[in-house]
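Engineer: Before anything else, here's the structure in question.
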Amino acid sequence: MKFEPHNKHLWIEPIDEKKEDKESPLFVMPEEYKPPKSPYVIGKIIAMAGDCTINLKIDDTIVVERTTVQEIKAKSETIYVVKENYVYGRLENETN
């Protein structure tokens, strides 16, 4: 899908959190129980609004607060956007 963010928004792709090993639980939990999620989301920037002033670029990996990510359902796809001022920082891979 083609989507162009505006008004200082970043289009991000959240990176899946690690799945917990569900083998041999210590105790039985109700079927509907879901463990608490981290208050932060790590995501990869897919596109940026033209008026963004933050020093980031496409494909950067960023950290944002989960509650600031907006989910947009469009046709059969889901688009995640966040305003640039909600970005806590950029993650970089360190190579030695």
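In the structure tokens, chains take the letters A, B, ... in the order shown, each chain's residues start at 1, and ligands count up from 1 in the order shown.
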Residues of chain A classed as strand (DSSP E) by DSSP on the backbone are to be reported as a PyMOL selection string.

Structural biologist: chain A and resi 9-14+40-48+61-65+70-74+77-83+87-91

Engineer: For the residues in the current selection, export N, CA and C atoms as a compact mmCIF listing (two decimals), in the first residue's frame.

Structural biologist:
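Generated output (again01.txt):
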```
# COMPACT_ATOMS: atom_id res chain seq x y z
N HIS A 9 4.52 13.38 11.05
CA HIS A 9 4.31 11.99 11.45
C HIS A 9 5.32 11.08 10.78
N LEU A 10 5.63 9.98 11.48
CA LEU A 10 6.49 8.93 10.95
C LEU A 10 5.65 7.67 10.77
N TRP A 11 5.79 7.02 9.64
CA TRP A 11 5.14 5.73 9.42
C TRP A 11 6.15 4.69 9.86
N ILE A 12 5.77 3.86 10.83
CA ILE A 12 6.70 2.87 11.35
C ILE A 12 6.15 1.46 11.20
N GLU A 13 7.05 0.52 11.22
CA GLU A 13 6.70 -0.90 11.25
C GLU A 13 7.20 -1.44 12.59
N PRO A 14 6.29 -1.73 13.52
CA PRO A 14 6.73 -2.26 14.82
C PRO A 14 7.47 -3.57 14.64
N TYR A 40 7.09 0.31 25.84
CA TYR A 40 7.77 0.89 24.68
C TYR A 40 7.65 -0.02 23.46
N VAL A 41 7.71 0.60 22.29
CA VAL A 41 7.68 -0.12 21.02
C VAL A 41 8.95 0.23 20.27
N ILE A 42 9.56 -0.79 19.70
CA ILE A 42 10.70 -0.58 18.82
C ILE A 42 10.18 -0.74 17.40
N GLY A 43 10.48 0.22 16.54
CA GLY A 43 9.96 0.17 15.18
C GLY A 43 10.96 0.69 14.16
N LYS A 44 10.74 0.29 12.92
CA LYS A 44 11.58 0.72 11.80
C LYS A 44 10.80 1.77 11.01
N ILE A 45 11.46 2.87 10.68
CA ILE A 45 10.81 3.95 9.93
C ILE A 45 10.66 3.54 8.47
N ILE A 46 9.42 3.59 7.98
CA ILE A 46 9.11 3.27 6.59
C ILE A 46 9.05 4.55 5.75
N ALA A 47 8.45 5.61 6.32
CA ALA A 47 8.34 6.89 5.61
C ALA A 47 8.22 8.01 6.64
N MET A 48 8.57 9.22 6.21
CA MET A 48 8.51 10.39 7.08
C MET A 48 7.80 11.53 6.36
N THR A 61 15.94 2.50 13.22
CA THR A 61 15.17 1.81 14.24
C THR A 61 15.02 2.74 15.43
N ILE A 62 13.77 2.97 15.85
CA ILE A 62 13.49 3.96 16.89
C ILE A 62 12.73 3.33 18.06
N VAL A 63 12.72 4.06 19.18
CA VAL A 63 11.98 3.65 20.37
C VAL A 63 10.93 4.72 20.65
N VAL A 64 9.67 4.29 20.81
CA VAL A 64 8.58 5.20 21.13
C VAL A 64 7.72 4.57 22.23
N GLU A 65 6.95 5.40 22.91
CA GLU A 65 6.03 4.88 23.92
C GLU A 65 4.84 4.23 23.23
N GLN A 70 -0.27 5.33 16.77
CA GLN A 70 -1.65 5.31 16.26
C GLN A 70 -1.76 4.21 15.21
N GLU A 71 -2.81 3.42 15.30
CA GLU A 71 -3.05 2.32 14.37
C GLU A 71 -4.15 2.73 13.41
N ILE A 72 -3.85 2.65 12.11
CA ILE A 72 -4.82 3.01 11.08
C ILE A 72 -5.11 1.76 10.25
N LYS A 73 -6.37 1.36 10.19
CA LYS A 73 -6.79 0.23 9.36
C LYS A 73 -7.20 0.78 8.00
N ALA A 74 -6.52 0.35 6.96
CA ALA A 74 -6.82 0.80 5.61
C ALA A 74 -6.91 -0.41 4.69
N GLU A 77 -4.83 -3.68 5.26
CA GLU A 77 -3.54 -3.45 5.90
C GLU A 77 -3.69 -2.57 7.14
N THR A 78 -2.68 -2.63 7.99
CA THR A 78 -2.62 -1.78 9.17
C THR A 78 -1.38 -0.90 9.07
N ILE A 79 -1.58 0.39 9.26
CA ILE A 79 -0.49 1.36 9.19
C ILE A 79 -0.30 1.92 10.60
N TYR A 80 0.94 2.03 11.03
CA TYR A 80 1.26 2.57 12.35
C TYR A 80 2.00 3.89 12.17
N VAL A 81 1.49 4.95 12.80
CA VAL A 81 2.12 6.26 12.71
C VAL A 81 2.36 6.81 14.12
N VAL A 82 3.37 7.65 14.22
CA VAL A 82 3.69 8.31 15.49
C VAL A 82 4.24 9.70 15.15
N LYS A 83 3.92 10.69 15.97
CA LYS A 83 4.47 12.03 15.76
C LYS A 83 5.94 12.03 16.12
N VAL A 87 9.37 10.37 19.73
CA VAL A 87 10.50 9.45 19.56
C VAL A 87 11.48 9.65 20.72
N TYR A 88 11.74 8.57 21.46
CA TYR A 88 12.71 8.62 22.56
C TYR A 88 14.14 8.57 22.06
N GLY A 89 14.38 7.83 21.00
CA GLY A 89 15.75 7.73 20.48
C GLY A 89 15.84 6.72 19.35
N ARG A 90 17.05 6.64 18.81
CA ARG A 90 17.36 5.73 17.70
C ARG A 90 18.25 4.61 18.23
N LEU A 91 17.99 3.39 17.81
CA LEU A 91 18.85 2.25 18.15
C LEU A 91 19.79 2.00 16.99
```

Engineer: Using atom CA of A:Pro39 and atom CA of A:Glu84 as the two end points, give the distance in Å to one decimal.

Structural biologist: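 So the answer is 17.6 Å.
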
Engineer: Expressed in Å to a single decimal, how great is the separation between atom CA of A:Asp51 and atom CA of A:Ile15?

Structural biologist: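 If I compute the distance from atom CA of A:Asp51 to atom CA of A:Ile15, I get 25.0 Å.
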
Engineer: For a quick check of understanding, using only C-alpha atoms, which of A:Asn7, A:Asn93, A:Ser38, A:Ser76 has the smallest distance to A:Asp60?

Structural biologist: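 Ranking A:Asn7, A:Asn93, A:Ser38, A:Ser76 by distance to A:Asp60, first place goes to A:Asn93.
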
Engineer: Can you work out the spacing between atom CA of A:Lys8 and atom CA of A:Ile54 in Å, to one decimal?

Structural biologist: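 The value is 9.0 Å.
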